Every structure is written in structure tokens, then in C-alpha cells.
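Structure below is coords-v1.pdb: PDB, C-alpha atoms and all ligand atoms.
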```pdb
ATOM      1  CA  MET R 503     -23.838   7.866  23.635  1.00  0.00           C
ATOM      2  CA  SER R 504     -20.118   8.514  24.151  1.00  0.00           C
ATOM      3  CA  GLU R 505     -18.082  10.346  21.517  1.00  0.00           C
ATOM      4  CA  PRO R 506     -16.081   8.092  19.159  1.00  0.00           C
ATOM      5  CA  VAL R 507     -12.341   8.020  19.904  1.00  0.00           C
ATOM      6  CA  PRO R 508     -10.654  10.233  17.271  1.00  0.00           C
ATOM      7  CA  VAL R 509      -8.317   8.706  14.715  1.00  0.00           C
ATOM      8  CA  ARG R 510      -5.480  10.695  13.144  1.00  0.00           C
ATOM      9  CA  LEU R 511      -3.307   9.461  10.326  1.00  0.00           C
ATOM     10  CA  LEU R 512       0.074  11.034   9.695  1.00  0.00           C
ATOM     11  CA  GLY R 513       0.981  10.464   6.061  1.00  0.00           C
ATOM     12  CA  SER R 514       2.497  11.958   2.975  1.00  0.00           C
ATOM     13  CA  PHE R 515       1.284  12.487  -0.569  1.00  0.00           C
ATOM     14  CA  GLY R 516       2.539   9.969  -3.146  1.00  0.00           C
ATOM     15  CA  SER R 517       3.394   7.406  -0.470  1.00  0.00           C
ATOM     16  CA  PRO R 518       2.119   3.926  -1.326  1.00  0.00           C
ATOM     17  CA  PHE R 519       2.583   3.020   2.357  1.00  0.00           C
ATOM     18  CA  THR R 520       0.304   5.869   3.421  1.00  0.00           C
ATOM     19  CA  HIS R 521      -2.208   4.724   0.812  1.00  0.00           C
ATOM     20  CA  ARG R 522      -2.385   1.299   2.476  1.00  0.00           C
ATOM     21  CA  ALA R 523      -3.391   2.798   5.825  1.00  0.00           C
ATOM     22  CA  GLU R 524      -5.908   5.181   4.249  1.00  0.00           C
ATOM     23  CA  ALA R 525      -7.428   2.421   2.105  1.00  0.00           C
ATOM     24  CA  ALA R 526      -7.996   0.266   5.209  1.00  0.00           C
ATOM     25  CA  LEU R 527      -9.617   3.165   7.104  1.00  0.00           C
ATOM     26  CA  ARG R 528     -11.871   4.044   4.172  1.00  0.00           C
ATOM     27  CA  LEU R 529     -12.843   0.450   3.445  1.00  0.00           C
ATOM     28  CA  LYS R 530     -13.797  -0.017   7.109  1.00  0.00           C
ATOM     29  CA  GLY R 531     -15.663   3.296   7.167  1.00  0.00           C
ATOM     30  CA  VAL R 532     -13.553   4.714  10.011  1.00  0.00           C
ATOM     31  CA  PRO R 533     -13.608   8.553  10.067  1.00  0.00           C
ATOM     32  CA  TYR R 534     -10.095   9.992  10.441  1.00  0.00           C
ATOM     33  CA  GLU R 535      -8.181  13.206  10.234  1.00  0.00           C
ATOM     34  CA  PHE R 536      -5.341  13.149   7.699  1.00  0.00           C
ATOM     35  CA  ILE R 537      -2.238  15.053   8.783  1.00  0.00           C
ATOM     36  CA  GLN R 538       0.143  15.768   5.917  1.00  0.00           C
ATOM     37  CA  GLU R 539       3.717  15.254   7.086  1.00  0.00           C
ATOM     38  CA  ASP R 540       6.651  17.132   5.576  1.00  0.00           C
ATOM     39  CA  LEU R 541       9.267  14.373   5.420  1.00  0.00           C
ATOM     40  CA  ARG R 542      12.103  16.893   4.990  1.00  0.00           C
ATOM     41  CA  SER R 543      11.153  18.528   8.262  1.00  0.00           C
ATOM     42  CA  LYS R 544       9.362  15.953  10.384  1.00  0.00           C
ATOM     43  CA  SER R 545       6.857  17.128  12.955  1.00  0.00           C
ATOM     44  CA  GLU R 546       7.341  16.809  16.673  1.00  0.00           C
ATOM     45  CA  LEU R 547       4.164  14.680  16.691  1.00  0.00           C
ATOM     46  CA  LEU R 548       5.729  12.105  14.313  1.00  0.00           C
ATOM     47  CA  LEU R 549       9.121  12.042  16.052  1.00  0.00           C
ATOM     48  CA  ARG R 550       7.543  11.688  19.477  1.00  0.00           C
ATOM     49  CA  HIS R 551       5.204   8.870  18.532  1.00  0.00           C
ATOM     50  CA  ASN R 552       7.387   6.967  16.056  1.00  0.00           C
ATOM     51  CA  PRO R 553      10.859   7.345  17.550  1.00  0.00           C
ATOM     52  CA  VAL R 554      12.030   3.977  16.171  1.00  0.00           C
ATOM     53  CA  HIS R 555      11.464   4.459  12.430  1.00  0.00           C
ATOM     54  CA  LYS R 556      10.369   8.130  12.224  1.00  0.00           C
ATOM     55  CA  LYS R 557       8.299   7.206   9.159  1.00  0.00           C
ATOM     56  CA  VAL R 558       4.752   7.580   7.883  1.00  0.00           C
ATOM     57  CA  PRO R 559       2.125   6.259   7.956  1.00  0.00           C
ATOM     58  CA  LEU R 560       1.474   6.525  11.658  1.00  0.00           C
ATOM     59  CA  LEU R 561      -1.934   6.021  13.218  1.00  0.00           C
ATOM     60  CA  LEU R 562      -2.884   7.795  16.424  1.00  0.00           C
ATOM     61  CA  HIS R 563      -6.020   6.490  18.097  1.00  0.00           C
ATOM     62  CA  GLY R 564      -7.221   8.844  20.824  1.00  0.00           C
ATOM     63  CA  ASP R 565      -6.189  12.401  21.569  1.00  0.00           C
ATOM     64  CA  ASP R 566      -5.260  12.195  25.203  1.00  0.00           C
ATOM     65  CA  ASP R 567      -1.478  11.750  25.334  1.00  0.00           C
ATOM     66  CA  ASP R 568      -1.735   9.569  28.450  1.00  0.00           C
ATOM     67  CA  ASP R 569      -4.120   7.170  26.809  1.00  0.00           C
ATOM     68  CA  ILE R 570      -3.185   7.305  23.137  1.00  0.00           C
ATOM     69  CA  ARG R 571      -2.784   4.157  21.061  1.00  0.00           C
ATOM     70  CA  VAL R 572      -0.027   4.451  18.487  1.00  0.00           C
ATOM     71  CA  VAL R 573       0.274   2.090  15.540  1.00  0.00           C
ATOM     72  CA  ALA R 574       3.197   2.241  13.107  1.00  0.00           C
ATOM     73  CA  GLU R 575       4.059   0.312   9.907  1.00  0.00           C
ATOM     74  CA  SER R 576       1.507   0.270   7.099  1.00  0.00           C
ATOM     75  CA  LEU R 577       0.561  -3.421   7.196  1.00  0.00           C
ATOM     76  CA  VAL R 578       0.378  -3.412  10.987  1.00  0.00           C
ATOM     77  CA  ILE R 579      -2.008  -0.441  10.721  1.00  0.00           C
ATOM     78  CA  VAL R 580      -4.142  -2.363   8.202  1.00  0.00           C
ATOM     79  CA  GLU R 581      -4.401  -5.274  10.654  1.00  0.00           C
ATOM     80  CA  TYR R 582      -5.253  -2.947  13.546  1.00  0.00           C
ATOM     81  CA  VAL R 583      -7.966  -1.240  11.527  1.00  0.00           C
ATOM     82  CA  ALA R 584      -9.305  -4.623  10.358  1.00  0.00           C
ATOM     83  CA  TRP R 585     -10.358  -5.552  13.903  1.00  0.00           C
ATOM     84  CA  PHE R 586     -11.380  -2.024  14.809  1.00  0.00           C
ATOM     85  CA  SER R 587     -14.658  -1.876  13.001  1.00  0.00           C
ATOM     86  CA  LEU R 588     -17.269  -4.456  12.067  1.00  0.00           C
ATOM     87  CA  SER R 589     -18.437  -2.526   9.023  1.00  0.00           C
ATOM     88  CA  GLY R 590     -16.874  -2.920   5.582  1.00  0.00           C
ATOM     89  CA  PRO R 591     -15.102  -6.000   4.232  1.00  0.00           C
ATOM     90  CA  PRO R 592     -13.319  -8.237   6.765  1.00  0.00           C
ATOM     91  CA  LEU R 593      -9.792  -7.502   5.324  1.00  0.00           C
ATOM     92  CA  LEU R 594      -8.488 -10.754   6.883  1.00  0.00           C
ATOM     93  CA  PRO R 595     -10.073 -14.204   6.641  1.00  0.00           C
ATOM     94  CA  ALA R 596     -11.533 -15.737   9.804  1.00  0.00           C
ATOM     95  CA  ASP R 597      -9.951 -19.136   9.064  1.00  0.00           C
ATOM     96  CA  PRO R 598      -6.477 -19.279  10.699  1.00  0.00           C
ATOM     97  CA  LEU R 599      -4.768 -21.025   7.761  1.00  0.00           C
ATOM     98  CA  ALA R 600      -6.250 -18.628   5.197  1.00  0.00           C
ATOM     99  CA  ARG R 601      -5.279 -15.746   7.481  1.00  0.00           C
ATOM    100  CA  ALA R 602      -1.699 -17.045   7.729  1.00  0.00           C
ATOM    101  CA  ALA R 603      -1.573 -17.360   3.917  1.00  0.00           C
ATOM    102  CA  SER R 604      -2.809 -13.753   3.510  1.00  0.00           C
ATOM    103  CA  ARG R 605      -0.064 -12.540   5.826  1.00  0.00           C
ATOM    104  CA  PHE R 606       2.573 -14.625   4.058  1.00  0.00           C
ATOM    105  CA  TRP R 607       1.676 -13.263   0.620  1.00  0.00           C
ATOM    106  CA  ALA R 608       1.217  -9.725   1.931  1.00  0.00           C
ATOM    107  CA  GLN R 609       4.792  -9.860   3.191  1.00  0.00           C
ATOM    108  CA  PHE R 610       5.962 -11.285  -0.122  1.00  0.00           C
ATOM    109  CA  ALA R 611       4.164  -8.539  -2.089  1.00  0.00           C
ATOM    110  CA  SER R 612       5.415  -5.820   0.214  1.00  0.00           C
ATOM    111  CA  ASP R 613       8.956  -7.055   0.421  1.00  0.00           C
ATOM    112  CA  LYS R 614      10.372  -9.292  -2.287  1.00  0.00           C
ATOM    113  CA  CYS R 615       7.982  -8.398  -5.103  1.00  0.00           C
ATOM    114  CA  SER R 616       8.040  -4.598  -4.567  1.00  0.00           C
ATOM    115  CA  ARG R 617      11.792  -4.500  -4.021  1.00  0.00           C
ATOM    116  CA  THR R 618      12.644  -6.147  -7.349  1.00  0.00           C
ATOM    117  CA  LEU R 619      10.099  -4.031  -9.217  1.00  0.00           C
ATOM    118  CA  PHE R 620      11.532  -0.911  -7.663  1.00  0.00           C
ATOM    119  CA  LYS R 621      15.087  -1.898  -8.638  1.00  0.00           C
ATOM    120  CA  ALA R 622      13.969  -2.732 -12.176  1.00  0.00           C
ATOM    121  CA  LEU R 623      12.186   0.617 -12.361  1.00  0.00           C
ATOM    122  CA  TRP R 624      15.083   2.824 -11.326  1.00  0.00           C
ATOM    123  CA  THR R 625      18.130   0.949 -12.690  1.00  0.00           C
ATOM    124  CA  PRO R 626      19.440   2.240 -16.025  1.00  0.00           C
ATOM    125  CA  GLU R 627      19.095  -0.031 -19.067  1.00  0.00           C
ATOM    126  CA  GLY R 628      21.718  -2.801 -19.178  1.00  0.00           C
ATOM    127  CA  GLU R 629      22.623  -6.269 -17.891  1.00  0.00           C
ATOM    128  CA  THR R 630      21.895  -5.437 -14.225  1.00  0.00           C
ATOM    129  CA  ARG R 631      18.447  -4.082 -15.055  1.00  0.00           C
ATOM    130  CA  ARG R 632      17.629  -7.116 -17.211  1.00  0.00           C
ATOM    131  CA  GLY R 633      18.389  -9.333 -14.191  1.00  0.00           C
ATOM    132  CA  PHE R 634      16.017  -7.296 -11.986  1.00  0.00           C
ATOM    133  CA  VAL R 635      13.286  -7.362 -14.658  1.00  0.00           C
ATOM    134  CA  GLU R 636      13.582 -11.145 -14.945  1.00  0.00           C
ATOM    135  CA  GLU R 637      13.348 -11.546 -11.173  1.00  0.00           C
ATOM    136  CA  ALA R 638      10.437  -9.080 -10.981  1.00  0.00           C
ATOM    137  CA  LYS R 639       8.561 -11.038 -13.631  1.00  0.00           C
ATOM    138  CA  LYS R 640       8.975 -14.304 -11.726  1.00  0.00           C
ATOM    139  CA  ASN R 641       7.565 -12.637  -8.626  1.00  0.00           C
ATOM    140  CA  LEU R 642       4.675 -11.162 -10.630  1.00  0.00           C
ATOM    141  CA  ALA R 643       3.881 -14.642 -11.972  1.00  0.00           C
ATOM    142  CA  LEU R 644       3.569 -15.871  -8.375  1.00  0.00           C
ATOM    143  CA  MET R 645       1.191 -13.009  -7.611  1.00  0.00           C
ATOM    144  CA  GLU R 646      -0.802 -13.721 -10.792  1.00  0.00           C
ATOM    145  CA  ALA R 647      -1.267 -17.334  -9.627  1.00  0.00           C
ATOM    146  CA  GLN R 648      -2.652 -16.114  -6.288  1.00  0.00           C
ATOM    147  CA  LEU R 649      -5.516 -14.445  -8.138  1.00  0.00           C
ATOM    148  CA  GLU R 650      -6.692 -17.577  -9.913  1.00  0.00           C
ATOM    149  CA  GLY R 651     -10.486 -17.781  -9.812  1.00  0.00           C
ATOM    150  CA  ARG R 652     -10.743 -14.757  -7.528  1.00  0.00           C
ATOM    151  CA  ARG R 653     -11.919 -11.224  -8.117  1.00  0.00           C
ATOM    152  CA  PHE R 654      -9.575  -9.844  -5.459  1.00  0.00           C
ATOM    153  CA  PHE R 655      -6.730 -11.537  -3.594  1.00  0.00           C
ATOM    154  CA  GLY R 656      -9.088 -11.367  -0.618  1.00  0.00           C
ATOM    155  CA  GLY R 657     -11.851 -13.229  -2.560  1.00  0.00           C
ATOM    156  CA  ASP R 658     -15.006 -11.265  -3.376  1.00  0.00           C
ATOM    157  CA  SER R 659     -13.799  -8.194  -1.534  1.00  0.00           C
ATOM    158  CA  ILE R 660     -10.574  -6.279  -0.973  1.00  0.00           C
ATOM    159  CA  GLY R 661      -8.396  -7.661   1.816  1.00  0.00           C
ATOM    160  CA  LEU R 662      -4.949  -7.379   3.400  1.00  0.00           C
ATOM    161  CA  LEU R 663      -3.110  -8.813   0.389  1.00  0.00           C
ATOM    162  CA  ASP R 664      -4.893  -6.485  -2.065  1.00  0.00           C
ATOM    163  CA  ILE R 665      -3.846  -3.544   0.073  1.00  0.00           C
ATOM    164  CA  ALA R 666      -0.279  -4.863   0.435  1.00  0.00           C
ATOM    165  CA  ALA R 667      -0.064  -5.295  -3.345  1.00  0.00           C
ATOM    166  CA  SER R 668      -1.677  -1.925  -4.127  1.00  0.00           C
ATOM    167  CA  GLY R 669       1.693  -0.522  -5.235  1.00  0.00           C
ATOM    168  CA  LEU R 670       1.133  -2.549  -8.428  1.00  0.00           C
ATOM    169  CA  ALA R 671      -1.794  -0.254  -9.222  1.00  0.00           C
ATOM    170  CA  TRP R 672       0.660   2.707  -9.200  1.00  0.00           C
ATOM    171  CA  LEU R 673       3.198   0.994 -11.430  1.00  0.00           C
ATOM    172  CA  PRO R 674       2.039   2.401 -14.817  1.00  0.00           C
ATOM    173  CA  VAL R 675       2.483   6.002 -13.678  1.00  0.00           C
ATOM    174  CA  LEU R 676       5.823   5.236 -12.023  1.00  0.00           C
ATOM    175  CA  GLU R 677       6.961   3.561 -15.247  1.00  0.00           C
ATOM    176  CA  GLU R 678       5.886   6.653 -17.144  1.00  0.00           C
ATOM    177  CA  VAL R 679       7.844   8.904 -14.793  1.00  0.00           C
ATOM    178  CA  ALA R 680      10.890   6.591 -14.941  1.00  0.00           C
ATOM    179  CA  GLY R 681      10.722   6.546 -18.756  1.00  0.00           C
ATOM    180  CA  VAL R 682      10.253   2.757 -18.984  1.00  0.00           C
ATOM    181  CA  GLU R 683       9.262   1.906 -22.551  1.00  0.00           C
ATOM    182  CA  THR R 684       7.810  -1.585 -22.108  1.00  0.00           C
ATOM    183  CA  SER R 685       5.664  -2.021 -19.021  1.00  0.00           C
ATOM    184  CA  MET R 686       6.588  -4.914 -16.728  1.00  0.00           C
ATOM    185  CA  ILE R 687       2.908  -5.760 -16.231  1.00  0.00           C
ATOM    186  CA  ARG R 688       1.389  -6.317 -19.638  1.00  0.00           C
ATOM    187  CA  GLU R 689      -2.104  -7.668 -20.268  1.00  0.00           C
ATOM    188  CA  GLU R 690      -0.786 -10.561 -22.375  1.00  0.00           C
ATOM    189  CA  ASP R 691       1.562 -11.742 -19.593  1.00  0.00           C
ATOM    190  CA  TYR R 692      -0.508 -11.026 -16.496  1.00  0.00           C
ATOM    191  CA  PRO R 693      -4.207 -10.790 -17.458  1.00  0.00           C
ATOM    192  CA  ALA R 694      -5.473 -11.407 -13.912  1.00  0.00           C
ATOM    193  CA  LEU R 695      -3.179  -8.770 -12.359  1.00  0.00           C
ATOM    194  CA  CYS R 696      -4.187  -6.225 -15.018  1.00  0.00           C
ATOM    195  CA  ARG R 697      -7.890  -6.853 -14.449  1.00  0.00           C
ATOM    196  CA  TRP R 698      -7.344  -6.792 -10.684  1.00  0.00           C
ATOM    197  CA  ARG R 699      -5.519  -3.474 -10.602  1.00  0.00           C
ATOM    198  CA  GLY R 700      -8.319  -1.836 -12.623  1.00  0.00           C
ATOM    199  CA  GLU R 701     -10.926  -3.167 -10.198  1.00  0.00           C
ATOM    200  CA  TYR R 702      -8.858  -2.226  -7.159  1.00  0.00           C
ATOM    201  CA  ALA R 703      -8.313   1.321  -8.399  1.00  0.00           C
ATOM    202  CA  SER R 704     -11.999   1.805  -9.223  1.00  0.00           C
ATOM    203  CA  ASP R 705     -13.307   0.614  -5.861  1.00  0.00           C
ATOM    204  CA  GLU R 706     -15.386   3.435  -4.382  1.00  0.00           C
ATOM    205  CA  ALA R 707     -13.515   3.564  -1.060  1.00  0.00           C
ATOM    206  CA  VAL R 708     -10.048   3.060  -2.523  1.00  0.00           C
ATOM    207  CA  MET R 709     -10.345   5.624  -5.312  1.00  0.00           C
ATOM    208  CA  LYS R 710     -10.886   8.407  -2.758  1.00  0.00           C
ATOM    209  CA  CYS R 711      -7.336   7.944  -1.466  1.00  0.00           C
ATOM    210  CA  LEU R 712      -5.505   6.934  -4.649  1.00  0.00           C
ATOM    211  CA  PRO R 713      -3.789   9.882  -6.344  1.00  0.00           C
ATOM    212  CA  SER R 714      -4.691  10.335  -9.989  1.00  0.00           C
ATOM    213  CA  ARG R 715      -2.152   9.883 -12.786  1.00  0.00           C
ATOM    214  CA  ASP R 716      -1.991  13.665 -13.291  1.00  0.00           C
ATOM    215  CA  GLU R 717      -1.420  14.381  -9.592  1.00  0.00           C
ATOM    216  CA  MET R 718       1.352  11.776  -9.474  1.00  0.00           C
ATOM    217  CA  VAL R 719       3.076  13.083 -12.608  1.00  0.00           C
ATOM    218  CA  ALA R 720       2.894  16.648 -11.273  1.00  0.00           C
ATOM    219  CA  TYR R 721       4.327  15.431  -7.957  1.00  0.00           C
ATOM    220  CA  TYR R 722       7.322  13.740  -9.592  1.00  0.00           C
ATOM    221  CA  TRP R 723       7.808  16.389 -12.280  1.00  0.00           C
ATOM    222  CA  PRO R 724       6.893  19.610 -10.492  1.00  0.00           C
TER     223      PRO R 724
HETATM  224  N1  LIG A   1       7.870  -0.242   6.226  1.00  0.00           N
HETATM  225  C1  LIG A   1       7.233   1.052   6.327  1.00  0.00           C
HETATM  226  C2  LIG A   1       7.788   1.965   5.253  1.00  0.00           C
HETATM  227  C3  LIG A   1       7.248   3.375   5.377  1.00  0.00           C
HETATM  228  C4  LIG A   1       8.070   4.389   4.590  1.00  0.00           C
HETATM  229  O1  LIG A   1       9.118   4.056   3.998  1.00  0.00           O
HETATM  230  N2  LIG A   1       7.589   5.639   4.590  1.00  0.00           N
HETATM  231  C5  LIG A   1       8.306   6.696   3.925  1.00  0.00           C
HETATM  232  C6  LIG A   1       7.351   7.512   3.069  1.00  0.00           C
HETATM  233  S1  LIG A   1       6.840   6.613   1.655  1.00  0.00           S
HETATM  234  C7  LIG A   1       8.900   7.639   4.986  1.00  0.00           C
HETATM  235  O2  LIG A   1       8.265   7.949   5.964  1.00  0.00           O
HETATM  236  N3  LIG A   1      10.109   8.091   4.741  1.00  0.00           N
HETATM  237  C8  LIG A   1      10.772   9.011   5.595  1.00  0.00           C
HETATM  238  C9  LIG A   1      12.154   8.559   5.985  1.00  0.00           C
HETATM  239  O3  LIG A   1      12.586   7.479   5.536  1.00  0.00           O
HETATM  240  O4  LIG A   1      12.804   9.271   6.744  1.00  0.00           O
HETATM  241  C10 LIG A   1       5.719   0.872   6.219  1.00  0.00           C
HETATM  242  O5  LIG A   1       5.284  -0.121   5.623  1.00  0.00           O
HETATM  243  O6  LIG A   1       4.976   1.696   6.774  1.00  0.00           O
END
```
Show the structure stored in the file as C-alpha cells.
Amino acid sequence: MSEPVPVRLLGSFGSPFTHRAEAALRLKGVPYEFIQEDLRSKSELLLRHNPVHKKVPLLLHGDDDDDIRVVAESLVIVEYVAWFSLSGPPLLPADPLARAASRFWAQFASDKCSRTLFKALWTPEGETRRGFVEEAKKNLALMEAQLEGRRFFGGDSIGLLDIAASGLAWLPVLEEVAGVETSMIREEDYPALCRWRGEYASDEAVMKCLPSRDEMVAYYWP
């Protein structure tokens, strides 16, 4: 039997984008080597293989430079890994319309929803922040509706949209670090999202690559 083609993942601690790639690899049971990147002094390996964005995560499939497959951008990596291995949950639905919907909402979660939450998180108290919080809450309500009747966004198992939305599972610790007094995702407003993030974070494969609250706090407050 031939040796499996090695997979390396360049990533950084505390990066929700890196988490997405790792979660996909772990859910699909793909063995990989994790290479911790120092983003203040990027490695030659990262700069050579991701000259466009120079960002992590970056997946390198194969170790022969002439025949290496390079995949950049967290959600693109998730899709690559989804078709890479038959084991684990499918990550994307087989039905083309359901698959298109997963991609649509994954982009929404990754882009519009995360951006407003991030602004609300780091903007000082005042009129501007209130506007961001209001917008963030509308986006969260749209995400809450996507969970109706489902355990995960992907149905019975974790899929692309769960992974795209996984930043929501980190929100409580980021709110703690940012000194936010009233969480933007409260049980009484978003019961499905609160249940979902608990289930996502306690999934056996996911929890192995999700930093703990203490590790995150120590990272932000060294
Ligand atoms: N759209 C990218 C974003 C990745 C990203 O922003 N990565 C950060 C770490 S969390 C990074 O590499 N930053 C280094 C830089 O911007 O120079 C993705 O989804 O992979």
C-alpha cells in the first residue's frame, strides 16, 4: 500500500480562521502536521505558498515542491477537505440547492455577521456601538432562524455552515476580554444559537482544536 500524501497546516493560535481548517481536518479524520506560524515574522514557507494574501490558515497537501497542492482561505480549505476523505460527516449536502444554501449562509456568517459582531465588540460604548449591536442582533436573528428544527446548521452533524459560524462559539471569551457587560448572544434572545454553540464546542473532534477559555484569556492578557 502506498504511503498517504502528507498534509501540513500552517496556522496560528487564537485564530478562528485556523480553527475552521483544523475542525474540518479533525472531523474528516485526516492526519495532519500543525505548523505554528509567527505572524509578526512570517515563514518563508507561508510567503512562498501564499504570496497573494500571506495569511493563515494555509493547507499544503504533499511534500514534494514540484507536486504540492496548496489551498488557502479557511472556507476554501474546508471545502477541499470535505471531498478529500469519505470518513466523518459529509460537511456539505449532496443536493445542489442545499449545497448552494450552505455556501450562501457560510459566506453570510463569515462576512456580514462576523464583521458587525467584531465592530460591536471592539467599539467603545456610545451611539456608534449601539448601531453595530443592533445590526449584529439582526444578523444573529437570521442565523437563529437557520437552526430551526436542526441540531446543527448542517442537520444531524456538523457541516460547512457550523464551521463558518464557529466564531460564535468564541464570542463569550472575546466579550470577557473586551469587557462587554451584556453578552450579545443571550439564552433568552437566541436559545437555538446558545444550545448550538454548546453542542459544537463539545463535539469530540472539534474540542481538540478549540482553545479553552483560560488559554484564550492568557493569550489576550499575557
Ligand atoms: N479570509 C481569510 C482570513 C485569514 C486571516 O485573517 N488570518 C489572519 C490570522 S487570524 C492572518 O493570517 N493575519 C496575518 C496578516 O493579516 O498579515 C480566511 O478565511 O482564511
**Message:** When the PyMOL selection byres (((chain R and resi 615) around 12) and not hetatm) is applied to the structure above, which residues does it catch, written out as an MDAnalysis selection string?
**Reply:** chainID R and resid 607:614 616:622 634:646 666:670
**Message:** Hey, which residues sit close to ligand LIG 1 (chain A)? Say within 6 Å, counting all atoms listed in the file, and write them as a ChimeraX atom specification.
**Reply:** /R:517,519,541,557-559,575-577
**Request:** In Å, rounded to a single decimal, give me how far atom CA of R:Ser587 is from atom CA of R:Gly513.
**Result:**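 Atom-to-atom, atom CA of R:Gly513 to atom CA of R:Ser587, that is 21.1 Å.
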Expand the PyMOL selection byres (((chain R and resi 624) around 10) and not hetatm) into the individual residues it matches in the shown file, reporting them as a PDB file with C-alpha atoms, in the coordinates of the input.
```pdb
ATOM      1  CA  LEU R 619      10.099  -4.031  -9.217  1.00  0.00           C
ATOM      2  CA  PHE R 620      11.532  -0.911  -7.663  1.00  0.00           C
ATOM      3  CA  LYS R 621      15.087  -1.898  -8.638  1.00  0.00           C
ATOM      4  CA  ALA R 622      13.969  -2.732 -12.176  1.00  0.00           C
ATOM      5  CA  LEU R 623      12.186   0.617 -12.361  1.00  0.00           C
ATOM      6  CA  THR R 625      18.130   0.949 -12.690  1.00  0.00           C
ATOM      7  CA  PRO R 626      19.440   2.240 -16.025  1.00  0.00           C
ATOM      8  CA  GLU R 627      19.095  -0.031 -19.067  1.00  0.00           C
ATOM      9  CA  ARG R 631      18.447  -4.082 -15.055  1.00  0.00           C
ATOM     10  CA  LEU R 676       5.823   5.236 -12.023  1.00  0.00           C
ATOM     11  CA  GLU R 677       6.961   3.561 -15.247  1.00  0.00           C
ATOM     12  CA  ALA R 680      10.890   6.591 -14.941  1.00  0.00           C
ATOM     13  CA  GLY R 681      10.722   6.546 -18.756  1.00  0.00           C
ATOM     14  CA  VAL R 682      10.253   2.757 -18.984  1.00  0.00           C
TER      15      VAL R 682
END
```
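Rounded to one decimal, atom CA of R:Tyr534 and atom CA of R:Tyr721 lie 24.0 Å from each other.
The coordinates place atom CA of R:Ala526 at 23.4 Å from atom CA of R:Glu650.
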**Message:** I need the output of the PyMOL selection byres (((chain R and resi 506) around 12) and not hetatm) for this file as a PyMOL selection string; which residues are they?
**Reply:** chain R and resi 503-505+507-509+532-534+563-565+586-587
Given the point (4.4, 9.5, 22.5) in the file's coordinates, find the residues that have an atom at most 9 Å from it, counting only C-alpha atoms, and give them as a compact mmCIF listing (two decimals) with C-alpha atoms, in the frame of the given file.
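As written to disk, out15.txt reads:
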```txt
# COMPACT_ATOMS: atom_id res chain seq x y z
CA LEU R 547 4.16 14.68 16.69
CA LEU R 548 5.73 12.10 14.31
CA LEU R 549 9.12 12.04 16.05
CA ARG R 550 7.54 11.69 19.48
CA HIS R 551 5.20 8.87 18.53
CA ASN R 552 7.39 6.97 16.06
CA PRO R 553 10.86 7.34 17.55
CA ASP R 567 -1.48 11.75 25.33
CA ASP R 568 -1.74 9.57 28.45
CA ILE R 570 -3.18 7.30 23.14
CA VAL R 572 -0.03 4.45 18.49
```
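You can rank R:Ala703, R:Leu673, R:Leu649, R:Leu512 by their closest distance to R:Ser604 using all atoms listed in the file, and at the top of that list sits R:Leu649.
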**Request:** Go through R:Trp585, R:Gly700, R:Ser685, R:Lys710 one by one, measure the shortest atom-to-atom distance of each to R:Arg528 using all atoms listed in the file, and give the residue with the smallest value.
**Result:**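 Answer, going by the shortest atom-to-atom distance: R:Lys710.
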**Prompt:** Restricting the calculation to all atoms listed in the file, which member of R:Pro724, R:Pro591, R:Pro518, R:Pro598 is positioned closest to R:Asp658?
**Reply:**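 Checking each of R:Pro724, R:Pro591, R:Pro518, R:Pro598 against R:Asp658, counting all atoms listed in the file, the winner is R:Pro591.
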**Message:** Could you list, as a ChimeraX atom specification, every residue within 12 Å of R:Ser704, counting only C-alpha atoms and ignoring same-chain residues fewer than 5 positions away?
**Reply:** /R:660,671,697-699,709-714
